[in-house]
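Engineer: My questions all concern the structure below.
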Amino acid sequence: MNMQANTGSDTPLLEVADIEVRFGRKIVLHSVSARIDHGAHVAVIGPNGAGKSTLLKAMDGLLQTSAGEIRLKGRPLASWSRKEIARMVSYVPQADGRVLPFPARDFVLMGRYPHLSPLSAVRPEDRAAADDAMRVTGTLQFVDRRVDTLSGGERQKLFIAAAIAQGAELLLLDEPTTFLDPKHQADVLGVLAKLNRERGVSLLTVTHDVNAAALWADRVLALREGRVAWFGPAGDAMDNAVLGAVFDHEFRFGVRDDGRRFVLPEGGA
Amino acid sequence: MSRSRTATFLVGLLAALALTVLLAPLAGMKGYLPWDVLSGSLTSVDEGIFWKVRVPRVLLALVAGAALALSGMTFQSMFRNALATPYTLGVASGGSFGAALTVKLGFTFSIAGLPASSLGAFLGCLLAVTLVYGVTRLKQGFSTATMLLAGVAVGFLFSSLLMFLQYMSDFAETFRIVRWLMGGLDVVGYRHVLELLPLVLVGAAAVFLHLRELNLLVTGDDLAAGRGVDVTAVRRRLFFATSLMVGGVVAACGPIGFVGMMAPHICRLIIGADHRLLAPAAVLLGAVFLAVCDTVARTLIAPAEIPVGVITALLGGPFFLWLLTRGASERA
């Protein structure tokens, strides 16, 4: 796991300061603050409706905040253009059942959008970036397949590939493993860990999988009812003082050979 | 969606366009032979019919068909739904009301060569699309179903206003409005073509500058925005562009339905969703389709004419139902 590779400055890659987000009259996020350092892997956990996906979208400027400020590389998010933001941050939605009538390579190439001017054609360097992104995510074998004919896991990896082709230093991933079988979950998490370790790509992952959050990420941000309930080192989250309070549920823990704690499955006995 | 299939389709469309341009003006109540036209052996009356009635009419059909298909494609892609077109969303109804209102009010001015009716239609289209989109945005979370319903409601609203306008008109005016509403391309001379052309060229240029954005919008608003597309701004520009085109067509030929839904969707089924190929294909198919429909309309029961809107609707209605049963509302 990457230990927050320092880039020499104290400015975090992305900083959320006291933001509030409203849907109509309903306040979905109350004065939420968080920071993502260069090279960090932050997992966001919390019960359904806690505001996890909302926070993710707000961080990419896809939702308006009604108070507070989000700073990207020290500058207010609103001061960057959409294309500028896209060159640094990529939102990776859940690879749901949406209709994606494009061959896989074309879909990944679309990730190059923020690097192209309106009239310029796709350049060799764009193709190279797309191919590289597909290689590192292990999706090169699907190049000509239509995206919506791929399996959930394949599609999720392709979404990550498009985000890498986009050149983003920070991926905001919304439940990347929720609907995947165990093999594909490990597959996708492995790809993410590799990107984080080898390329210094920073990650923010919304997940319902508490074990994945604690074992793959280096920091955990726990939301509850639109507020930050806890934000700290991933290892420290494995405690009923943290998880129990966030989820309103008593967990039982086991210990791995390497001494790290994990949540035990329930029921049966 | 193989490359050879796409190429064959595009070449086929170009050939169809060439054939239409060459043959459609020859057909009609009285048919002409190409060599008679070329050798100048037609009587002066026949020559007048050929050059001042038939040729401009075919040209108008080509331009209007292309504009309708391109506008339809833009809406379908923006909203990821084959049923979302300027006609189904009430935009054309807004345009019809705008145009009819300028006629009723007796506005005969023109600005920069554009007649008042075109401007009225353009403003009506813009108003309708703003209403539909505004209502849809009011509800939390964008839903295509809400938008289609809002489109139907706005369409009804403008149709009622138009009906009221007819009620307030005398018999002759009412007849003219009703006949115009059926959609028709019966023009004399090139004035209508020349009035429509600049609107269509500007609107089409705007659409063609946004093909990459349209591809991204098909993948979803969230993904498009995440890739750097300013979704709101792009949508506003495309609303403006399609309103120019649809408004122009409505003012010149009345509301001609279904071309904008059928042509782009057929192209999408054959060559796929990549707008860099889809847009030119839709333009070609729309142009050829409307010109052929109009040729049929004016020859089938000659010397009488069927309004071309009747022909396109007769073909379009069943097509619409077929789309519905295929579950097209779920996919673009």
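Labeling convention for the structure tokens: chains A, B, ... as they appear, residues from 1 per chain, ligands from 1 in order of appearance.
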What are the residues of chain B lining chain A at 9 Å or less? Count only C-alpha atoms, and put the answer as number ranges by chain.
Structural biologist: B: 80, 140, 209-210, 212-213, 215-216, 218-220, 222-223, 225-230, 272-274, 330-332
Engineer: Grab the residues selected above and save them as a PDB file, in the first residue's frame with C-alpha atoms.
Structural biologist:
```pdb
ATOM      1  CA  ARG B  80     -30.554   8.558 -25.219  1.00  0.00           C
ATOM      2  CA  GLN B 140     -35.153  15.761  -8.892  1.00  0.00           C
ATOM      3  CA  LEU B 209     -18.967  20.751 -34.367  1.00  0.00           C
ATOM      4  CA  HIS B 210     -20.377  18.729 -31.455  1.00  0.00           C
ATOM      5  CA  ARG B 212     -17.602  14.150 -30.144  1.00  0.00           C
ATOM      6  CA  GLU B 213     -19.788  15.619 -27.394  1.00  0.00           C
ATOM      7  CA  ASN B 215     -20.849  10.481 -28.588  1.00  0.00           C
ATOM      8  CA  LEU B 216     -20.049  11.208 -24.960  1.00  0.00           C
ATOM      9  CA  VAL B 218     -24.761   8.825 -25.371  1.00  0.00           C
ATOM     10  CA  THR B 219     -22.623   7.241 -22.625  1.00  0.00           C
ATOM     11  CA  GLY B 220     -24.519   9.255 -19.992  1.00  0.00           C
ATOM     12  CA  ASP B 222     -22.355  11.830 -15.684  1.00  0.00           C
ATOM     13  CA  LEU B 223     -19.663  10.177 -17.806  1.00  0.00           C
ATOM     14  CA  ALA B 225     -19.316  15.643 -17.645  1.00  0.00           C
ATOM     15  CA  GLY B 226     -16.591  13.554 -16.001  1.00  0.00           C
ATOM     16  CA  ARG B 227     -14.711  13.483 -19.307  1.00  0.00           C
ATOM     17  CA  GLY B 228     -14.777  17.265 -19.496  1.00  0.00           C
ATOM     18  CA  VAL B 229     -17.944  18.009 -21.476  1.00  0.00           C
ATOM     19  CA  ASP B 230     -19.771  21.113 -20.266  1.00  0.00           C
ATOM     20  CA  GLY B 272     -23.879   2.167 -35.067  1.00  0.00           C
ATOM     21  CA  ALA B 273     -23.731   5.082 -32.677  1.00  0.00           C
ATOM     22  CA  ASP B 274     -20.521   6.857 -33.698  1.00  0.00           C
ATOM     23  CA  GLU B 330     -34.987   1.885 -23.118  1.00  0.00           C
ATOM     24  CA  ARG B 331     -32.225   2.326 -25.628  1.00  0.00           C
ATOM     25  CA  ALA B 332     -31.021   5.034 -27.949  1.00  0.00           C
TER      26      ALA B 332
END
```
Engineer: So the first atom is atom CA of B:Leu161 and the second is atom CA of B:Ala66; what is the distance between them in Å, to one decimal place?
Structural biologist: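 So the answer is 28.5 Å.
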Engineer: Just give me the gap between atom CA of B:Ala18 and atom CA of B:Pro86 in Å, one decimal is fine.
Structural biologist: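 Here the two named atoms are 27.9 Å from each other.
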Engineer: Hey, what's within 8 Å of B:Val193 if we count only C-alpha atoms and toss same-chain stuff fewer than 5 positions away? As a list in words, please?
Structural biologist: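 Everything that qualifies: Pro56, Leu59, Leu60 and Val63 of chain B.
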Engineer: Restricting the calculation to only C-alpha atoms, which member of A:Ala165, A:Val28, A:Leu56, A:Met238 is positioned closest to A:Val210?
Structural biologist: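 When distances to A:Val210 are compared using only C-alpha atoms, the smallest one comes from A:Met238.
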